[in-house]
There are 2 protein chains.
Amino acid sequence: MTGAVVGLLREALSERVDTDPSHLDDARADKSEHAAPGRPIAIVHAACIDDVQATMRIATATGTPVVVRGAGTGLAGGANAGAGEIVLSMRAMDRILEVRPDDLLAVVEPGILNAELNRALADHGLWWAPDPVSREISTVGGNIATGAGGLLCAKYGVVRDAVLGVDLVLADGRLLHLGHRSVKGVTGLDLTALVIGSEGTLGVVVGATLKLRRLVPGQARTLTASFPSVRAAATAAAAVTASGVQPAIMELMDAACLRAVHRMLDLPDPGEAAQLTIQTDGPAASVEAESIAATLTDAGGAVRLARDDAESQLLWRIRRSMHPAMETLGTTLIEDVSVPRSALPAMFDEIARIEREYDLVIPTVCHAGDGNLHPNFVFDAGADAAVPEVIWQAADELFRAALRLGGTLTGEHGVGVLKRRWLADELGDDQWELQRQITRVFDPQGILNPGKVFTP
Amino acid sequence: MTGAVVGLLREALSERVDTDPSHLDDARADKSEHAAPGRPIAIVHAACIDDVQATMRIATATGTPVVVRGAGTGLAGGANAGAGEIVLSMRAMDRILEVRPDDLLAVVEPGILNAELNRALADHGLWWAPDPVSREISTVGGNIATGAGGLLCAKYGVVRDAVLGVDLVLADGRLLHLGHRSVKGVTGLDLTALVIGSEGTLGVVVGATLKLRRLVPGQARTLTASFPSVRAAATAAAAVTASGVQPAIMELMDAACLRAVHRMLDLPDPGEAAQLTIQTDGPAASVEAESIAATLTDAGGAVRLARDDAESQLLWRIRRSMHPAMETLGTTLIEDVSVPRSALPAMFDEIARIEREYDLVIPTVCHAGDGNLHPNFVFDAGADAAVPEVIWQAADELFRAALRLGGTLTGEHGVGVLKRRWLADELGDDQWELQRQITRVFDPQGILNPGKVFTP
């Protein structure tokens, strides 16, 4: 059967079909290091919408599952492909089809990298605001599939706020044009919003009409503030939000993070200090930075305001070294809970409790401006790179604590395979079942990314 | 059967059930003046979620259609109830349950008026940005049901951008909690966004978690600019958008509008002039107003910049008198197409063509900052207040022109009954059918607002 499907794909798509064993193995995993069991049967490197439609028609005719994949930088296993599955790679569809400064929109193919798009838009004085940390290596299509966030979200929004429409190929190969090109539009149901964050379960995004912003004028300002404890830092971050001044970025690193980064960069040991790193931008950047500095000083922070761009880069280097520093500690499971901003101090208390109860260190970095935390569960992986059950037990406590505080399982990484067993805890059984039925309207056979998100 | 249903409602909801004939007649129509044929069987004035659930259980058990209604200010007939239908009025559920300045959110019941909510939020230094012209008389629930817009949308967004979650009672009476309280959240499909603009076809919104903004500091500035033609005014509006300065409000009135208003207010006849009225706000309001004044002068406009708040009020009085002035001309069908901003001049050309070809006057007001036009088709209504077929033929030309220019049938009023026959023209047959199937997942019996939006 597998041979027959590959034969049909080759007949229709010839050299776009790739069965190189090492490429197939690469498609089993993403940046979470989780790998699907078994090896997919083929990768289709789609070059155009016709290729996608042809692939989906064959998949539907043969009942073969399809995993849509961008650059493979996910953190929840959502685009990992396993035994018996076709990988539909969108990476080669990476053209910018249209940029309209007058209408503040761009039409792009999904495979373009976020940063590549933004470099091209900068020539027009424009940008697309979603800025996941992965932006240099992740695709716009992947950002849409996960409903990605990033550092700038409290001020500039998430992907949901920045997409006007998508072109979607359904499981059976039909092409739909969802959404609109105008600022306003309420004709029928908002299927564009439904596709954002649907993690490959509703269809294949083959094009997107993006809502753009003009580049922010003026020189951004950066400041850091050190606090004796993570709770003090989280309380100070909440005080900044409550003060009414809106930073562009406000990042929090706890003591374990900061120590690991300082060690890696050969900087002095920061002890138990936690740190906020904040950026203001726009015409009022300096005034806002001074105001935030005063709020943080009042909250007990030791503040350092960068005098120029060079010093600013130095301060951001600490935050940017977070992920490499984690890799020096062992294998990590990066989590992604999000809570209302006022609940940040309580959420850090819960993380401290889980660390004590499970005898773990959970270095945590947090987008403090929007309440999105990334606790890193560090462990020694066995030969199979699997996450030990004790880590999942601790993660289970983390998820339940976030839900109790009015938060959510995942702020920006998605459910994928790694969080599917907690999905019904957040949605409730009725909503879980309703959502699954909606996926069946788009994909009656259940061939789009089966086993992801909604699998019980 | 009707008597039996009313009996069941009375048994469960006693004095919340209203069968006063004049109230029933009121529920047949909205501000579009379109009225449903026949009289609904009862109005349930829900006071709490239990009342809504009880009503929906009876409706499901008896297969009785339900029309959810707020303040009845719609412009597309979406909440008009007719023969055999239960009206479920949410107007009495009007409490503010929670305001959280620290998390920039509020939890409200759906029946609260938009302006009433905003007066209460102002005490906390906050506001909810959606500002339909109807805000003094329309409910937050109605704003959510239609996906309302308003004047401030280009700068401050539409309803879709300002709702974090909704509580939804399904057709069978089950209660779902959709969305989240955190800035970020991507757990499962975004059903909150799907409910926004669904016009009562998916469920009953019984509560909403709203995303708030802080009140904008500083004194707003107002200016007007007169142009010799509407095309010149539309071109100037596009030049403002292209200049990169973002006005809070930018309204355009064509010559027919301006003449009607001037006549009503006893002001001098403006001849063929069209007018832009613009507001800037925030700390840079004055600088931005000066910059926009320069752009408009370059574009051939005669600019008047209000020196103070009193003069500003005077200038806005012209725009605010638009709807009363239309009522002096005859019966009007207010349309609602939206196009990409760069297509505004071309859209005005199309309106001029339709006026010539159909020998009509179509006074048009336009939210020029976002490309949303409200052409007013003026006619002499017969005894039944029905829109003459020739007006619908002209409207048909209008819709097709908007679609050709990359626009949409409805920017903010919704489809309701008045635009349902054009819905498939915009969506395409495949998407139309897919959307209808999604409504069936929420409402398998089809008892929620039947005959609206998706009826062929």
# chains A, B, ... in the order shown; residues from 1 in each chain; ligands from 1
$ residues_around --residues "B:Ala233" --least-positions-apart "5" --cutoff "10 Å" --atoms "only C-alpha atoms" --output "ChimeraX atom specification"
/B:225-228,238-239,252-254,273-276,296,299-301,344-345,368
$ residues_around --residues "stretch 303-319 of chain B" --least-positions-apart "4" --cutoff "8 Å" --atoms "only C-alpha atoms" --output "PDB file with N, CA, C and O atoms, in the first residue's frame"
ATOM      1  N   ARG B 221      -7.493  66.358  18.779  1.00  0.00           N
ATOM      2  CA  ARG B 221      -7.602  67.505  17.866  1.00  0.00           C
ATOM      3  C   ARG B 221      -8.500  67.123  16.685  1.00  0.00           C
ATOM      4  O   ARG B 221      -8.483  65.969  16.246  1.00  0.00           O
ATOM      5  N   THR B 222      -9.265  68.096  16.196  1.00  0.00           N
ATOM      6  CA  THR B 222     -10.176  67.846  15.081  1.00  0.00           C
ATOM      7  C   THR B 222      -9.877  68.790  13.925  1.00  0.00           C
ATOM      8  O   THR B 222      -9.564  69.962  14.158  1.00  0.00           O
ATOM      9  N   LEU B 223      -9.957  68.284  12.713  1.00  0.00           N
ATOM     10  CA  LEU B 223      -9.874  69.171  11.548  1.00  0.00           C
ATOM     11  C   LEU B 223     -10.830  68.686  10.467  1.00  0.00           C
ATOM     12  O   LEU B 223     -11.212  67.506  10.451  1.00  0.00           O
ATOM     13  N   THR B 224     -11.245  69.624   9.611  1.00  0.00           N
ATOM     14  CA  THR B 224     -12.031  69.241   8.439  1.00  0.00           C
ATOM     15  C   THR B 224     -11.305  69.736   7.200  1.00  0.00           C
ATOM     16  O   THR B 224     -10.478  70.662   7.275  1.00  0.00           O
ATOM     17  N   ALA B 225     -11.611  69.110   6.074  1.00  0.00           N
ATOM     18  CA  ALA B 225     -11.067  69.569   4.793  1.00  0.00           C
ATOM     19  C   ALA B 225     -12.144  69.397   3.734  1.00  0.00           C
ATOM     20  O   ALA B 225     -12.740  68.322   3.634  1.00  0.00           O
ATOM     21  N   SER B 226     -12.399  70.470   2.970  1.00  0.00           N
ATOM     22  CA  SER B 226     -13.388  70.419   1.890  1.00  0.00           C
ATOM     23  C   SER B 226     -12.685  70.235   0.561  1.00  0.00           C
ATOM     24  O   SER B 226     -11.607  70.806   0.343  1.00  0.00           O
ATOM     25  N   GLU B 251     -13.417  60.476   8.708  1.00  0.00           N
ATOM     26  CA  GLU B 251     -14.728  60.279   8.110  1.00  0.00           C
ATOM     27  C   GLU B 251     -14.872  61.103   6.847  1.00  0.00           C
ATOM     28  O   GLU B 251     -14.401  62.245   6.783  1.00  0.00           O
ATOM     29  N   MET B 253     -17.728  62.528   4.004  1.00  0.00           N
ATOM     30  CA  MET B 253     -19.129  62.727   3.597  1.00  0.00           C
ATOM     31  C   MET B 253     -19.141  63.238   2.169  1.00  0.00           C
ATOM     32  O   MET B 253     -18.450  64.219   1.866  1.00  0.00           O
ATOM     33  N   LEU B 258     -23.546  65.946   2.647  1.00  0.00           N
ATOM     34  CA  LEU B 258     -23.209  67.237   3.229  1.00  0.00           C
ATOM     35  C   LEU B 258     -24.350  68.236   2.996  1.00  0.00           C
ATOM     36  O   LEU B 258     -24.723  68.978   3.909  1.00  0.00           O
ATOM     37  N   VAL B 261     -27.288  67.451   5.343  1.00  0.00           N
ATOM     38  CA  VAL B 261     -27.015  67.863   6.728  1.00  0.00           C
ATOM     39  C   VAL B 261     -27.071  69.387   6.850  1.00  0.00           C
ATOM     40  O   VAL B 261     -27.698  69.923   7.769  1.00  0.00           O
ATOM     41  N   HIS B 262     -26.410  70.073   5.912  1.00  0.00           N
ATOM     42  CA  HIS B 262     -26.419  71.539   5.971  1.00  0.00           C
ATOM     43  C   HIS B 262     -27.844  72.072   5.920  1.00  0.00           C
ATOM     44  O   HIS B 262     -28.181  73.006   6.641  1.00  0.00           O
ATOM     45  N   THR B 277     -13.642  64.710   7.837  1.00  0.00           N
ATOM     46  CA  THR B 277     -13.546  65.149   9.234  1.00  0.00           C
ATOM     47  C   THR B 277     -12.608  64.176   9.937  1.00  0.00           C
ATOM     48  O   THR B 277     -12.815  62.961   9.872  1.00  0.00           O
ATOM     49  N   ALA B 289      -2.042  66.341  13.789  1.00  0.00           N
ATOM     50  CA  ALA B 289      -3.080  67.146  13.134  1.00  0.00           C
ATOM     51  C   ALA B 289      -2.445  68.118  12.139  1.00  0.00           C
ATOM     52  O   ALA B 289      -2.929  68.285  11.012  1.00  0.00           O
ATOM     53  N   ALA B 293      -2.990  68.111   8.176  1.00  0.00           N
ATOM     54  CA  ALA B 293      -3.467  69.341   7.532  1.00  0.00           C
ATOM     55  C   ALA B 293      -2.602  69.650   6.311  1.00  0.00           C
ATOM     56  O   ALA B 293      -3.115  70.026   5.244  1.00  0.00           O
ATOM     57  N   LEU B 296      -3.420  67.258   3.470  1.00  0.00           N
ATOM     58  CA  LEU B 296      -4.723  67.557   2.858  1.00  0.00           C
ATOM     59  C   LEU B 296      -4.673  68.831   2.021  1.00  0.00           C
ATOM     60  O   LEU B 296      -5.308  68.922   0.963  1.00  0.00           O
ATOM     61  N   THR B 297      -3.909  69.810   2.494  1.00  0.00           N
ATOM     62  CA  THR B 297      -3.756  71.047   1.715  1.00  0.00           C
ATOM     63  C   THR B 297      -3.056  70.734   0.390  1.00  0.00           C
ATOM     64  O   THR B 297      -3.485  71.187  -0.679  1.00  0.00           O
TER      65      THR B 297
END
$ closest_residue --among "A:Ala145, A:Ala46, A:Val6, A:Val287" --to "A:Glu199" --atoms "only C-alpha atoms"
A:Ala145
$ select_by_dssp --residues "stretch 196-437 of chain A" --states "helix (DSSP H, G or I)" --output "ChimeraX atom specification"
/A:230-243,255-264,285-298,309-320,322-327,341-358,389-404,420-427,429-437
$ closest_residue --among "B:Asp269, B:Glu98, B:Asp298, B:Asp51" --to "B:Leu175" --atoms "only C-alpha atoms"
B:Asp51
$ residues_around --residues "B:Gln437" --least-positions-apart "5" --cutoff "12 Å" --atoms "only C-alpha atoms" --output "ChimeraX atom specification"
/A:189,437-442,444 /B:201-202,430-432,442-446,454
$ decode --residues "stretch 248-283 of chain A" --atoms "N, CA and C atoms" --output "PDB file, in the first residue's frame"
ATOM      1  N   ALA A 248       7.556  47.848  24.957  1.00  0.00           N
ATOM      2  CA  ALA A 248       7.480  46.994  23.763  1.00  0.00           C
ATOM      3  C   ALA A 248       7.814  45.560  24.157  1.00  0.00           C
ATOM      4  N   ILE A 249       8.816  45.400  25.006  1.00  0.00           N
ATOM      5  CA  ILE A 249       9.247  44.077  25.471  1.00  0.00           C
ATOM      6  C   ILE A 249       9.496  44.154  26.969  1.00  0.00           C
ATOM      7  N   MET A 250       9.096  43.124  27.703  1.00  0.00           N
ATOM      8  CA  MET A 250       9.439  43.028  29.127  1.00  0.00           C
ATOM      9  C   MET A 250       9.672  41.555  29.442  1.00  0.00           C
ATOM     10  N   GLU A 251      10.946  41.173  29.574  1.00  0.00           N
ATOM     11  CA  GLU A 251      11.327  39.783  29.789  1.00  0.00           C
ATOM     12  C   GLU A 251      11.827  39.579  31.206  1.00  0.00           C
ATOM     13  N   LEU A 252      11.482  38.423  31.780  1.00  0.00           N
ATOM     14  CA  LEU A 252      11.923  38.109  33.135  1.00  0.00           C
ATOM     15  C   LEU A 252      12.721  36.813  33.101  1.00  0.00           C
ATOM     16  N   MET A 253      13.911  36.824  33.720  1.00  0.00           N
ATOM     17  CA  MET A 253      14.699  35.597  33.875  1.00  0.00           C
ATOM     18  C   MET A 253      14.854  35.305  35.358  1.00  0.00           C
ATOM     19  N   ASP A 254      14.574  34.069  35.749  1.00  0.00           N
ATOM     20  CA  ASP A 254      14.740  33.746  37.168  1.00  0.00           C
ATOM     21  C   ASP A 254      16.208  33.443  37.469  1.00  0.00           C
ATOM     22  N   ALA A 255      16.511  33.174  38.743  1.00  0.00           N
ATOM     23  CA  ALA A 255      17.911  33.039  39.164  1.00  0.00           C
ATOM     24  C   ALA A 255      18.604  31.882  38.450  1.00  0.00           C
ATOM     25  N   ALA A 256      17.894  30.759  38.276  1.00  0.00           N
ATOM     26  CA  ALA A 256      18.522  29.595  37.638  1.00  0.00           C
ATOM     27  C   ALA A 256      18.886  29.900  36.187  1.00  0.00           C
ATOM     28  N   CYS A 257      18.026  30.607  35.486  1.00  0.00           N
ATOM     29  CA  CYS A 257      18.313  31.026  34.107  1.00  0.00           C
ATOM     30  C   CYS A 257      19.532  31.932  34.076  1.00  0.00           C
ATOM     31  N   LEU A 258      19.468  32.951  34.944  1.00  0.00           N
ATOM     32  CA  LEU A 258      20.496  33.980  34.928  1.00  0.00           C
ATOM     33  C   LEU A 258      21.867  33.379  35.242  1.00  0.00           C
ATOM     34  N   ARG A 259      21.886  32.470  36.245  1.00  0.00           N
ATOM     35  CA  ARG A 259      23.145  31.814  36.602  1.00  0.00           C
ATOM     36  C   ARG A 259      23.698  31.023  35.425  1.00  0.00           C
ATOM     37  N   ALA A 260      22.808  30.261  34.746  1.00  0.00           N
ATOM     38  CA  ALA A 260      23.265  29.422  33.633  1.00  0.00           C
ATOM     39  C   ALA A 260      23.832  30.285  32.508  1.00  0.00           C
ATOM     40  N   VAL A 261      23.175  31.413  32.222  1.00  0.00           N
ATOM     41  CA  VAL A 261      23.661  32.292  31.150  1.00  0.00           C
ATOM     42  C   VAL A 261      24.984  32.935  31.557  1.00  0.00           C
ATOM     43  N   HIS A 262      25.051  33.445  32.792  1.00  0.00           N
ATOM     44  CA  HIS A 262      26.290  34.087  33.244  1.00  0.00           C
ATOM     45  C   HIS A 262      27.459  33.109  33.193  1.00  0.00           C
ATOM     46  N   ARG A 263      27.188  31.850  33.589  1.00  0.00           N
ATOM     47  CA  ARG A 263      28.246  30.840  33.554  1.00  0.00           C
ATOM     48  C   ARG A 263      28.722  30.643  32.120  1.00  0.00           C
ATOM     49  N   MET A 264      27.762  30.513  31.186  1.00  0.00           N
ATOM     50  CA  MET A 264      28.123  30.265  29.798  1.00  0.00           C
ATOM     51  C   MET A 264      28.909  31.435  29.200  1.00  0.00           C
ATOM     52  N   LEU A 265      28.529  32.667  29.602  1.00  0.00           N
ATOM     53  CA  LEU A 265      29.173  33.853  29.021  1.00  0.00           C
ATOM     54  C   LEU A 265      30.369  34.330  29.844  1.00  0.00           C
ATOM     55  N   ASP A 266      30.761  33.537  30.870  1.00  0.00           N
ATOM     56  CA  ASP A 266      31.887  33.932  31.733  1.00  0.00           C
ATOM     57  C   ASP A 266      31.669  35.273  32.420  1.00  0.00           C
ATOM     58  N   LEU A 267      30.458  35.504  32.870  1.00  0.00           N
ATOM     59  CA  LEU A 267      30.149  36.716  33.638  1.00  0.00           C
ATOM     60  C   LEU A 267      30.115  36.339  35.122  1.00  0.00           C
ATOM     61  N   PRO A 268      30.194  37.340  36.044  1.00  0.00           N
ATOM     62  CA  PRO A 268      30.185  37.034  37.483  1.00  0.00           C
ATOM     63  C   PRO A 268      28.888  36.329  37.892  1.00  0.00           C
ATOM     64  N   ASP A 269      28.991  35.427  38.868  1.00  0.00           N
ATOM     65  CA  ASP A 269      27.814  34.692  39.350  1.00  0.00           C
ATOM     66  C   ASP A 269      26.794  35.677  39.941  1.00  0.00           C
ATOM     67  N   PRO A 270      25.556  35.680  39.449  1.00  0.00           N
ATOM     68  CA  PRO A 270      24.550  36.637  39.954  1.00  0.00           C
ATOM     69  C   PRO A 270      23.875  36.188  41.240  1.00  0.00           C
ATOM     70  N   GLY A 271      24.253  35.046  41.778  1.00  0.00           N
ATOM     71  CA  GLY A 271      23.639  34.570  43.018  1.00  0.00           C
ATOM     72  C   GLY A 271      22.172  34.268  42.830  1.00  0.00           C
ATOM     73  N   GLU A 272      21.327  34.748  43.751  1.00  0.00           N
ATOM     74  CA  GLU A 272      19.891  34.445  43.690  1.00  0.00           C
ATOM     75  C   GLU A 272      19.090  35.513  42.936  1.00  0.00           C
ATOM     76  N   ALA A 273      19.806  36.438  42.298  1.00  0.00           N
ATOM     77  CA  ALA A 273      19.101  37.551  41.649  1.00  0.00           C
ATOM     78  C   ALA A 273      18.275  37.088  40.451  1.00  0.00           C
ATOM     79  N   ALA A 274      17.108  37.711  40.302  1.00  0.00           N
ATOM     80  CA  ALA A 274      16.295  37.557  39.088  1.00  0.00           C
ATOM     81  C   ALA A 274      16.324  38.892  38.358  1.00  0.00           C
ATOM     82  N   GLN A 275      16.073  38.869  37.069  1.00  0.00           N
ATOM     83  CA  GLN A 275      16.284  40.083  36.282  1.00  0.00           C
ATOM     84  C   GLN A 275      15.163  40.343  35.273  1.00  0.00           C
ATOM     85  N   LEU A 276      14.766  41.604  35.199  1.00  0.00           N
ATOM     86  CA  LEU A 276      13.874  42.056  34.121  1.00  0.00           C
ATOM     87  C   LEU A 276      14.716  42.765  33.066  1.00  0.00           C
ATOM     88  N   THR A 277      14.411  42.489  31.789  1.00  0.00           N
ATOM     89  CA  THR A 277      15.021  43.237  30.685  1.00  0.00           C
ATOM     90  C   THR A 277      13.877  43.846  29.886  1.00  0.00           C
ATOM     91  N   ILE A 278      13.936  45.154  29.712  1.00  0.00           N
ATOM     92  CA  ILE A 278      12.789  45.892  29.175  1.00  0.00           C
ATOM     93  C   ILE A 278      13.215  46.777  28.021  1.00  0.00           C
ATOM     94  N   GLN A 279      12.363  46.840  27.003  1.00  0.00           N
ATOM     95  CA  GLN A 279      12.611  47.755  25.890  1.00  0.00           C
ATOM     96  C   GLN A 279      11.399  48.658  25.697  1.00  0.00           C
ATOM     97  N   THR A 280      11.651  49.940  25.513  1.00  0.00           N
ATOM     98  CA  THR A 280      10.597  50.860  25.109  1.00  0.00           C
ATOM     99  C   THR A 280      10.913  51.319  23.693  1.00  0.00           C
ATOM    100  N   ASP A 281       9.879  51.712  22.951  1.00  0.00           N
ATOM    101  CA  ASP A 281      10.139  52.180  21.587  1.00  0.00           C
ATOM    102  C   ASP A 281       9.179  53.306  21.231  1.00  0.00           C
ATOM    103  N   GLY A 282       9.344  53.832  20.029  1.00  0.00           N
ATOM    104  CA  GLY A 282       8.478  54.913  19.565  1.00  0.00           C
ATOM    105  C   GLY A 282       9.003  56.267  19.986  1.00  0.00           C
ATOM    106  N   PRO A 283       8.264  57.318  19.616  1.00  0.00           N
ATOM    107  CA  PRO A 283       8.734  58.691  19.890  1.00  0.00           C
ATOM    108  C   PRO A 283       8.930  58.961  21.384  1.00  0.00           C
TER     109      PRO A 283
END
